[in-house]
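A short worksheet on the structure shown next.
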Amino acid sequence: MLRFPISICLFATIASLSITTVIGAAAPLVDAATEEKITALLGQMTLAEKVGQLTQDSSSFDLTGPVPKEAKPRDRYDRIRSGAVGSMLNVCGVAAVHEAQRLALENSRLKIPMIFGYDVIHGYRTCFPIPLGEAASWNLTAIEATAHIAAMEAAASGLNWTFAPMVDIARDARWGRVMEGAGEDPYLGGLIAGARVRGFQGADLKAPDAIAACAKHFAGYGFAEAGRDYNVADISEHTLRNVVLPPFKAAVEAGAATLMNSFNEIGGVPATANAHILRDILKGEWGFSGLVVSDWQSIGELRGHGVARDLADAARLAITAGSDMDMEARAYGDHLAELVRSGAVKEALVDDAVRRVLRVKFAVGLFEDPFRHCDPAREKAVVGNPAFLATARDVARKSIVLLKNDGGLLPLSLKLKRIAVIGPLAADKDTPLGGWRAQALPESAVSLLEGIKAAAGPATKIVYVVGAPLLAKPGDFPYEVVFNTTDRSGFSAAVSAARSADLVIMAVGETAIQTGEGRSQADPGLKGLQEELLREVYAANPRIVVVLMNGRPLTLPWVADHVPAIVEAWHLGSEAGHAIADVLFGHYNPSGRLPISFPRVVGQVPVYYNHKSTGRPMDSEGKVYWSHYADVANEPQYPFGFGLSYTTFAYSDLRLSAPALTADGSLTVAVKVANTGKVAGTETVQLYVRDRVGSVTRPVKELKGFRQILLQPGERQDVTFTLTSADLAFYTARGVWEAEPGEFQVFVGANSRDVTTAEFVLR
Ligand code: BGC
C-alpha cells in the first residue's frame with residue numbers, strides 16, 4: 001500500500017480576496033493494477049457473495065453490545081462456511097484466527113479471505129496509557145511508538161485491523177468515552193490522529209507489523225447532549241467542519257484505511273444513514289477510498305432512532321448513505337440481496353461498498369497470504385514481550401500532568417522516614433489498565449504502591465492503608481458500578497497512618513470500569529467516600545500528595561483548594577506504578593499538559609478553551625448582564641494546555657518577523673523561553689491565534705502550533721513558529737475552507753491561559 005502526501009495549494013480567490021486551502025484527494029489505498037483485479041473479482045461474484053463481504057460478525061466472546069439472539073458459536077461457524085461473513089471482530093489469537101480463516105477459505109468459491117478486526121485502543125497485551133492520558137504527553141513520537149507496538153502485538157496475534165484511533169473531539173467530562181480520545185482540541189486531535197494512524201499502519205500496510213487503522217466515530221459522537229452516551233448531537237455545519245471533522249480529515253490524510261460510523265444523529269440524521277458526511281464529505285470531498293464499517297449494530301439502531309421502519313429499511317438507508325460494512329446488525333446479510341432484487345437499492349451501491357472492502361483486504365496483503373499473521377512462533381515471541389515495557393513506562397511518565405505543587409512538596413526526598421500510602425486505588429493492579437484494555441492480562445499493571453516501594457529510598461518506611469473501598473462490591477464488567485457509601489471501618493487506620501507519617505500519598509479517582517462506553521456520569525467528581533476520607537486524612541496531616549487515577553476530567557474543587565500537591569496520573573497502563581513513582585521521586589520531571597479543560601463544577605460543562613466570544617464576552621467583569629455564572633467563575637479549574645514542572649520557565653521577547661502576512665507568504669513568531677529553576681525540564685511552548693473579525697464568529701483562541709524543548713537550569717532558547725495563511729483557514733460563511741484577510745492576535749505561552757500576545761494582519 002502506498003500513501004502519498006496530500007498536496008495543499010493556496011490561491012487567492014478573486015471574488016472575495018479570501019484565501020482558499022484546497023486539499024487534494026486522499027491517496028488511493030491500492031494501485032491501478034489492484035483496482036483491475038478487484039473489478040475482475042467483482043465481475044465473478046454473486047449477489048450473495050457480495051453481501052457476505054459487507055457483513056461483519058463478532059465471535060461469541062468479548063462483546064461490546066447486545067448480540068443477536070441466535071448467536072451461538074455453532075451458528076457462527078455455519079455462517080462463516082456459507083460465505084455469509086466477510087469479516088470478524090473479537091476473534092483474536094493465532095489459533096482462533098487461523099481456524100476462522102480456514103473455515104472461510106475452504107468454503108469460499110472465490111477464495112476471498114476474511115479480515116479480522118479488534119479494539120486495540122491503547123495497547124494489545126502491553127498496555128499503554130489510555131488515549132486521553134497519552135494525549136497529555138503532547139509527544140507525537142511517543143504516541144506513534146505505542147500505536148506501533150500495539151500493532152506489532154495485534155498483528156502477531158492474527159489481527160489485520162484495529163478499531164482505533166478514536167478521534168472524537170470531546171468537551172464534556174460527563175461522557176464516559178472521553179478517555180478514548182485526544183481531548184477537546186481539533187488541532188492537537190488531528191496531529192495525534194495522524195500519529196496513531198501512522199503508528200498502526202506504518203509506512204506499508206503489508207508489513208508484518210502493520211494493521212489497518214479505523215478513525216472513529218464518524219461523526220460527532222463526542223457531542224452527545226449532556227454527555228449521555230449515544231445521545232443526540234445537534235451540530236451545525238460550522239461546528240462539524242471546524243471542530244468535529246478536522247481530526248478525521250487528518251486521519252484520512254495520514255492514510256487511515258477505514259472509518260467507523262457513530263451511534264448518534266446529527267441534526268436529525270443518524271450518522272450511519274448520513275449521506276452528507278459519508279458520501280458528500282468523506283468519499284466525495286476528501287476522496288476517501290477505504291471502507292466505512294458501521295458501529296456495533298448501528299444499522300439496526302436506525303429503527304430505534306425512528307428513521308427506519310424495519311431492518312430492511314435500515315439496510316436500505318445505511319447502504320444508500322455510504323455505510324459499507326454491517327457490524328453485527330445482520331441488516332445487510334438478511335435484507336440487502338432482496339433490496340437489490342426488488343430495485344429498492346441499486347446494485348452499483350453494493351458493488352461500490354464491496355470494492356472498498358476488497359481494497360482494504362488487498363491493501364493489508366490478505367490476498368497474497370490469508371494466514372500472513374498466523375505464525376504461532378511469532379505470536380509467542382512478540383505478544384507481551386517484556387522489551388515493550390520500557391516504552392510503556394516512558395510514555396506513561398510523559399503523560400503525567402503535575403496540577404499543583406505548593407511549597408515544592410514534590411519531588412519527594414529519598415530521606416523521608418515514613419510515607420503513608422492511602423486509598424484502594426493505590427494498591428490496585430487492575431485500574432491502571434483502564435477501559436478498552438484489549439488483551440492486557442487482568443491485574444497485570446504495576447500498582448502505585450509497588451512503584452513507590454521500588455523507588456523509595458532504603459531509609460523510608462512505606463505504610464499502606466486502604467482507608468475505604470471505592471466500590472461496595474467488586475465491579476465486574478459489564479455490571480453496574482456500586483460505590484461504597486457506608487463502610488468507614490478503615491478510616492481510623494488511615495488517619496493514624498497519616499498522623500505518624502512525614503507525608504501522605506493518597507490515590508483517588510475512578511476505577512477502570514467507571515470509564516469508557518456506556519459509562520457516562522452526570523457528576524464527574526470523586527465517588528463514594530473518597531473525599532470524606534481525604535478530608536479526614538488532611539485534618540490529621542495536610543502534607544498530602546493526591547495522585548489522581550481517572551479517565552475523564554474530574555471536578556475537584558475542595559481538593560484543588562486544599563491539598564498542596566496534585567498529580568494527574570490517568571490510567572497509565574502496564575507500567576503505571578513505576579511511571580508515577582518516577583515523577584513522585586523526581587527521577588522524571590513531569591512534562592504532561594492537559595489535552596482537555598478540567599471544570600470546577602459540573603454545571604460549567606462543556607467548558608473548553610476555544611470557545612466563542614459571544615456578544616457579551618466573558619471578560620467583561622463587573623457587569624451583571626454578561627456571559628457568566630453568578631455562583632462560579634467562568635474559567636475552568638485547570639485550563640487546556642496546563643501542567644507544572646519541577647522547574648520554572650519564563651517567557652520573554654515575543655517577536656513577529658513582520659506586521660503582516662500575505663496569502664502566499666509566511667510569518668515567523670519567535671519567543672525566548674528560559675529555564676529559571678534548578679533542574680532540567682521539558683516545556684511545551686504553545687502558540688494560539690485569534691481571528692479578530694470573521695464572516696462567522698471565531699474562537700477566542702485556537703492552538704496552531706507547539707514545540708517541546710528540554711532546557712537545562714539557566715538555559716534560554718529561542719523558539720520559533722512559522723505561520724502561513726493555511727494555518728488561519730477555517731470553514732467560512734461561503735462554505736469554503738479558507739483564510740479571511742484581517743487582523744489576528746497571536747498568543748504564545750505555557751498553556752491556553754498564561755500567554756503573551758502580539759498582533760498581525762493577513763493581507
Ligand atoms: C463501540 C466501538 C467499537 C465496537 C466494537 C462499539 O460498541 O462503540 O467503538 O469499536 O463496539 O467493539
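Identifiers in the C-alpha cells: chain A, B, ... in order shown; residue index from 1 per chain; ligand index from 1 in order shown.
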
*Could the residues that lie within 10 Å of ligand 1, counting only C-alpha atoms and all ligand atoms, be listed as JSON, numbers by chain?*
{"A": [58, 62, 63, 64, 65, 66, 89, 90, 117, 118, 119, 120, 121, 162, 163, 164, 165, 166, 177, 180, 214, 215, 216, 217, 221, 229, 230, 260, 261, 262, 263, 293, 294, 295, 296, 297, 298, 327, 328, 436, 516, 517, 518]}

Selection export as a CSV table (one decimal), in the first residue's frame, atoms kept: N, CA and C atoms:
```csv
chain,number,residue,atom,x,y,z
A,58,SER,N,-19.3,-10.9,15.1
A,58,SER,CA,-18.5,-10.9,16.3
A,58,SER,C,-18.3,-12.4,16.6
A,62,ASP,N,-16.1,-11.5,24.4
A,62,ASP,CA,-15.7,-10.1,24.5
A,62,ASP,C,-16.6,-9.2,23.8
A,63,LEU,N,-17.9,-9.2,24.1
A,63,LEU,CA,-18.9,-8.5,23.4
A,63,LEU,C,-18.9,-7.0,24.0
A,64,THR,N,-19.2,-6.2,23.1
A,64,THR,CA,-19.3,-4.8,23.5
A,64,THR,C,-20.7,-4.2,23.3
A,65,GLY,N,-21.7,-5.1,23.1
A,65,GLY,CA,-23.0,-4.6,22.9
A,65,GLY,C,-24.0,-5.8,22.8
A,66,PRO,N,-25.3,-5.5,22.6
A,66,PRO,CA,-26.2,-6.6,22.5
A,66,PRO,C,-26.0,-7.5,21.3
A,89,LEU,N,-15.0,-9.6,14.1
A,89,LEU,CA,-14.3,-8.9,15.2
A,89,LEU,C,-14.4,-9.7,16.4
A,90,ASN,N,-13.5,-9.4,17.3
A,90,ASN,CA,-13.4,-10.1,18.6
A,90,ASN,C,-12.9,-11.5,18.5
A,117,GLY,N,-10.9,-7.8,12.8
A,117,GLY,CA,-10.7,-6.5,13.5
A,117,GLY,C,-10.9,-6.7,15.0
A,118,TYR,N,-10.3,-5.8,15.7
A,118,TYR,CA,-10.4,-5.8,17.2
A,118,TYR,C,-10.2,-4.4,17.7
A,119,ASP,N,-10.7,-4.2,18.9
A,119,ASP,CA,-10.5,-2.9,19.5
A,119,ASP,C,-9.1,-2.8,20.2
A,120,VAL,N,-8.1,-2.5,19.5
A,120,VAL,CA,-6.8,-2.3,20.0
A,120,VAL,C,-6.6,-0.8,20.2
A,121,ILE,N,-7.0,-0.4,21.4
A,121,ILE,CA,-7.2,1.1,21.6
A,121,ILE,C,-5.9,1.7,22.2
A,162,THR,N,-7.4,-2.6,13.5
A,162,THR,CA,-7.9,-2.2,14.8
A,162,THR,C,-9.0,-1.1,14.6
A,163,PHE,N,-9.9,-1.1,15.6
A,163,PHE,CA,-10.9,-0.1,15.6
A,163,PHE,C,-10.4,1.1,16.4
A,164,ALA,N,-9.4,1.7,15.9
A,164,ALA,CA,-8.8,2.9,16.5
A,164,ALA,C,-8.0,3.6,15.5
A,165,PRO,N,-7.7,4.9,15.6
A,165,PRO,CA,-7.9,5.7,16.8
A,165,PRO,C,-9.3,6.3,16.9
A,166,MET,N,-9.8,6.5,18.1
A,166,MET,CA,-11.0,7.3,18.3
A,166,MET,C,-10.6,8.7,18.3
A,177,ARG,N,-16.7,8.2,27.3
A,177,ARG,CA,-15.7,7.8,26.3
A,177,ARG,C,-14.6,8.9,26.0
A,180,GLU,N,-11.1,7.8,25.6
A,180,GLU,CA,-10.6,7.1,24.4
A,180,GLU,C,-10.1,8.0,23.4
A,214,CYS,N,-8.7,2.5,12.0
A,214,CYS,CA,-10.1,2.9,11.8
A,214,CYS,C,-10.4,4.2,12.6
A,215,ALA,N,-10.5,5.3,11.9
A,215,ALA,CA,-10.8,6.5,12.6
A,215,ALA,C,-12.3,6.5,13.0
A,216,LYS,N,-12.6,6.7,14.2
A,216,LYS,CA,-14.0,6.6,14.7
A,216,LYS,C,-14.3,7.7,15.7
A,217,HIS,N,-15.5,8.0,15.9
A,217,HIS,CA,-16.7,7.5,15.3
A,217,HIS,C,-17.3,8.6,14.5
A,221,TYR,N,-19.9,12.0,17.7
A,221,TYR,CA,-20.2,11.2,18.9
A,221,TYR,C,-19.9,11.8,20.2
A,229,ASP,N,-24.1,9.0,26.9
A,229,ASP,CA,-23.6,8.2,25.7
A,229,ASP,C,-24.8,7.8,24.8
A,230,TYR,N,-24.5,7.9,23.5
A,230,TYR,CA,-25.4,7.5,22.4
A,230,TYR,C,-26.5,8.6,22.2
A,260,MET,N,-15.2,4.4,11.0
A,260,MET,CA,-16.4,3.7,11.7
A,260,MET,C,-17.5,4.8,11.9
A,261,ASN,N,-18.7,4.4,11.6
A,261,ASN,CA,-19.9,5.3,11.9
A,261,ASN,C,-20.0,5.6,13.4
A,262,SER,N,-20.7,6.6,13.7
A,262,SER,CA,-21.0,6.8,15.1
A,262,SER,C,-22.5,6.5,15.4
A,263,PHE,N,-22.8,6.3,16.7
A,263,PHE,CA,-24.2,5.9,17.1
A,263,PHE,C,-25.2,7.1,17.0
A,293,VAL,N,-17.1,1.1,8.3
A,293,VAL,CA,-17.8,0.0,9.0
A,293,VAL,C,-18.8,0.6,9.9
A,294,SER,N,-19.9,0.0,10.0
A,294,SER,CA,-20.9,0.6,11.0
A,294,SER,C,-20.4,0.4,12.4
A,295,ASP,N,-21.0,1.1,13.3
A,295,ASP,CA,-20.6,0.7,14.7
A,295,ASP,C,-21.5,-0.5,15.1
A,296,TRP,N,-21.3,-1.0,16.2
A,296,TRP,CA,-22.0,-2.2,16.7
A,296,TRP,C,-23.5,-2.1,16.6
A,297,GLN,N,-24.0,-2.8,15.6
A,297,GLN,CA,-25.5,-2.8,15.3
A,297,GLN,C,-26.1,-1.4,15.0
A,298,SER,N,-25.2,-0.4,14.6
A,298,SER,CA,-25.7,0.9,14.4
A,298,SER,C,-26.7,1.0,13.2
A,327,MET,N,-21.6,-4.1,11.0
A,327,MET,CA,-21.1,-4.8,12.2
A,327,MET,C,-22.3,-5.3,13.0
A,328,GLU,N,-22.5,-6.6,13.0
A,328,GLU,CA,-23.4,-7.3,13.9
A,328,GLU,C,-24.9,-7.0,13.9
A,436,TRP,N,-11.2,-0.5,27.7
A,436,TRP,CA,-10.7,-0.9,26.4
A,436,TRP,C,-9.3,-1.4,26.5
A,516,GLY,N,-15.3,4.8,29.9
A,516,GLY,CA,-15.4,4.1,28.6
A,516,GLY,C,-16.9,4.1,28.1
A,517,GLU,N,-17.2,3.1,27.2
A,517,GLU,CA,-18.5,3.1,26.6
A,517,GLU,C,-19.6,2.9,27.6
A,518,GLY,N,-20.7,3.6,27.5
A,518,GLY,CA,-21.8,3.4,28.4
A,518,GLY,C,-21.6,3.8,29.8
```

*Skip A:Arg316 itself and residues of its chain fewer than 3 positions away, then list as a PyMOL selection string all residues within 12 Å of it, counting only C-alpha atoms.*
chain A and resi 272-273+299-300+302-303+307-313+319-324+326+331-340+342-347+349-350

_Which residues are near A:Ile566? Cut-off 9 Å, only C-alpha atoms, ignore same chain within fewer than 3 positions. Put them as a ChimeraX atom specification._
/A:401-405,544-548,559-560,563

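Among the candidate residues A:Pro741, A:Pro564, A:Leu410, A:Val679, the one lying nearest to A:Asn541 is A:Pro564, with distances computed using only C-alpha atoms.
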
_Env of A:Lys473: 9 Å cut, atoms = only C-alpha atoms, seq-sep filter 3 positions within chain, self excluded. Answer as number ranges by chain._
A: 469-470, 476, 481-484

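In this comparison, which uses only C-alpha atoms, the residue of A:Val689, A:Ala155, A:Leu723, A:Ala663 approaching A:Glu738 most closely is A:Ala663.
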
*Could you give me, as a ChimeraX atom specification, the residues within 8 Å of A:Glu144, counting only C-alpha atoms and dropping anything in the same chain fewer than 5 positions from it?*
/A:195-200

_So that I can see what lies close to A:Glu285, please list as a VMD selection string the residues with an atom at most 12 Å from it, counting only C-alpha atoms and leaving out residues fewer than 2 positions away in the same chain._
chain A and resid 22 to 26 249 252 276 to 283 287 to 289 736 to 737

Include C-alpha atoms and write out the residues we just selected as a PDB file, in the first residue's frame.
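Contents of selection.pdb, as written:
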```
ATOM      1  CA  VAL A  22      -7.595  23.160  -1.358  1.00  0.00           C
ATOM      2  CA  ILE A  23      -6.835  19.751  -0.002  1.00  0.00           C
ATOM      3  CA  GLY A  24      -6.054  17.227  -2.710  1.00  0.00           C
ATOM      4  CA  ALA A  25      -7.862  13.905  -2.770  1.00  0.00           C
ATOM      5  CA  ALA A  26      -6.806  11.277  -0.250  1.00  0.00           C
ATOM      6  CA  LYS A 249      -9.518  14.558   7.897  1.00  0.00           C
ATOM      7  CA  VAL A 252      -7.612  10.202   6.248  1.00  0.00           C
ATOM      8  CA  HIS A 276     -23.920  14.223   3.806  1.00  0.00           C
ATOM      9  CA  ILE A 277     -20.993  13.215   5.976  1.00  0.00           C
ATOM     10  CA  LEU A 278     -20.331   9.836   4.325  1.00  0.00           C
ATOM     11  CA  ARG A 279     -20.881  10.486   0.649  1.00  0.00           C
ATOM     12  CA  ASP A 280     -20.567  14.250   0.224  1.00  0.00           C
ATOM     13  CA  ILE A 281     -17.717  14.925   2.591  1.00  0.00           C
ATOM     14  CA  LEU A 282     -15.738  11.737   3.264  1.00  0.00           C
ATOM     15  CA  LYS A 283     -15.991   9.894  -0.026  1.00  0.00           C
ATOM     16  CA  GLY A 287     -11.682  11.271  -1.863  1.00  0.00           C
ATOM     17  CA  PHE A 288     -11.557   8.503   0.755  1.00  0.00           C
ATOM     18  CA  SER A 289     -11.232   5.136  -0.981  1.00  0.00           C
ATOM     19  CA  VAL A 736     -15.312  27.069   1.859  1.00  0.00           C
ATOM     20  CA  TRP A 737     -12.145  26.228   3.801  1.00  0.00           C
TER      21      TRP A 737
END
```

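Counting from atom CA of A:Trp626, the distance to atom CA of A:Arg600 is 19.7 Å.
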
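The set of residues in stretch 425-601 of chain A assigned to strand (DSSP E) by DSSP, using only backbone atoms of this structure, is Lys461, Ile462, Val463, Tyr464, Val465, Leu503, Val504, Ile505, Met506, Ala507, Val508, Gly509, Ile544, Val545, Val546, Val547, Leu548, Met549, Ala565, Ile566, Val567 and Glu568 of chain A.
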
Give me a file of those residues, with N, CA and C atoms, as an mmCIF file, in the first residue's frame.
```cif
data_model
loop_
_atom_site.group_PDB
_atom_site.id
_atom_site.type_symbol
_atom_site.label_atom_id
_atom_site.label_comp_id
_atom_site.auth_asym_id
_atom_site.auth_seq_id
_atom_site.Cartn_x
_atom_site.Cartn_y
_atom_site.Cartn_z
ATOM 1 N N LYS A 461 10.146 4.178 55.345
ATOM 2 C CA LYS A 461 9.165 3.116 55.605
ATOM 3 C C LYS A 461 7.857 3.495 54.893
ATOM 4 N N ILE A 462 7.348 2.541 54.150
ATOM 5 C CA ILE A 462 6.083 2.777 53.436
ATOM 6 C C ILE A 462 4.970 2.043 54.185
ATOM 7 N N VAL A 463 3.969 2.784 54.598
ATOM 8 C CA VAL A 463 2.831 2.173 55.302
ATOM 9 C C VAL A 463 1.613 2.289 54.397
ATOM 10 N N TYR A 464 0.991 1.174 54.122
ATOM 11 C CA TYR A 464 -0.175 1.233 53.239
ATOM 12 C C TYR A 464 -1.472 0.961 53.999
ATOM 13 N N VAL A 465 -2.467 1.805 53.792
ATOM 14 C CA VAL A 465 -3.794 1.616 54.384
ATOM 15 C C VAL A 465 -4.848 1.856 53.301
ATOM 16 N N LEU A 503 4.628 12.282 55.334
ATOM 17 C CA LEU A 503 3.891 12.725 54.146
ATOM 18 C C LEU A 503 2.920 11.627 53.735
ATOM 19 N N VAL A 504 1.815 12.058 53.126
ATOM 20 C CA VAL A 504 0.789 11.105 52.689
ATOM 21 C C VAL A 504 0.696 11.129 51.156
ATOM 22 N N ILE A 505 0.658 9.942 50.581
ATOM 23 C CA ILE A 505 0.327 9.862 49.151
ATOM 24 C C ILE A 505 -1.033 9.196 49.077
ATOM 25 N N MET A 506 -1.981 9.927 48.554
ATOM 26 C CA MET A 506 -3.339 9.394 48.530
ATOM 27 C C MET A 506 -3.813 9.264 47.090
ATOM 28 N N ALA A 507 -4.202 8.030 46.735
ATOM 29 C CA ALA A 507 -4.686 7.779 45.371
ATOM 30 C C ALA A 507 -6.204 7.856 45.364
ATOM 31 N N VAL A 508 -6.740 8.739 44.536
ATOM 32 C CA VAL A 508 -8.198 8.841 44.388
ATOM 33 C C VAL A 508 -8.539 8.959 42.913
ATOM 34 N N GLY A 509 -9.797 8.747 42.611
ATOM 35 C CA GLY A 509 -10.215 8.891 41.214
ATOM 36 C C GLY A 509 -11.278 7.904 40.827
ATOM 37 N N ILE A 544 -0.093 16.316 51.909
ATOM 38 C CA ILE A 544 -0.663 15.246 51.081
ATOM 39 C C ILE A 544 -0.330 15.470 49.609
ATOM 40 N N VAL A 545 0.067 14.386 48.967
ATOM 41 C CA VAL A 545 0.153 14.374 47.505
ATOM 42 C C VAL A 545 -1.019 13.531 47.023
ATOM 43 N N VAL A 546 -1.932 14.156 46.317
ATOM 44 C CA VAL A 546 -3.029 13.380 45.731
ATOM 45 C C VAL A 546 -2.592 12.901 44.355
ATOM 46 N N VAL A 547 -2.707 11.588 44.151
ATOM 47 C CA VAL A 547 -2.457 11.016 42.822
ATOM 48 C C VAL A 547 -3.818 10.660 42.247
ATOM 49 N N LEU A 548 -4.159 11.334 41.162
ATOM 50 C CA LEU A 548 -5.461 11.086 40.521
ATOM 51 C C LEU A 548 -5.327 9.979 39.491
ATOM 52 N N MET A 549 -6.242 9.022 39.567
ATOM 53 C CA MET A 549 -6.306 7.997 38.512
ATOM 54 C C MET A 549 -7.707 8.084 37.941
ATOM 55 N N ALA A 565 -0.370 19.176 46.820
ATOM 56 C CA ALA A 565 0.214 18.637 45.573
ATOM 57 C C ALA A 565 -0.764 17.678 44.906
ATOM 58 N N ILE A 566 -0.956 17.882 43.620
ATOM 59 C CA ILE A 566 -1.894 17.031 42.861
ATOM 60 C C ILE A 566 -1.196 16.561 41.581
ATOM 61 N N VAL A 567 -1.212 15.240 41.407
ATOM 62 C CA VAL A 567 -0.577 14.632 40.235
ATOM 63 C C VAL A 567 -1.660 13.927 39.423
ATOM 64 N N GLU A 568 -1.836 14.340 38.186
ATOM 65 C CA GLU A 568 -2.823 13.683 37.313
ATOM 66 C C GLU A 568 -2.158 12.482 36.653
#
```

*Which value, in Å to one decimal, gives the distance between atom CA of A:Val607 and atom CA of A:Leu471?*
29.1 Å

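You can rank A:Gly176, A:Gly93, A:Gly467, A:Gly577 by their closest distance to A:Glu450 using only C-alpha atoms, and at the top of that list sits A:Gly577.
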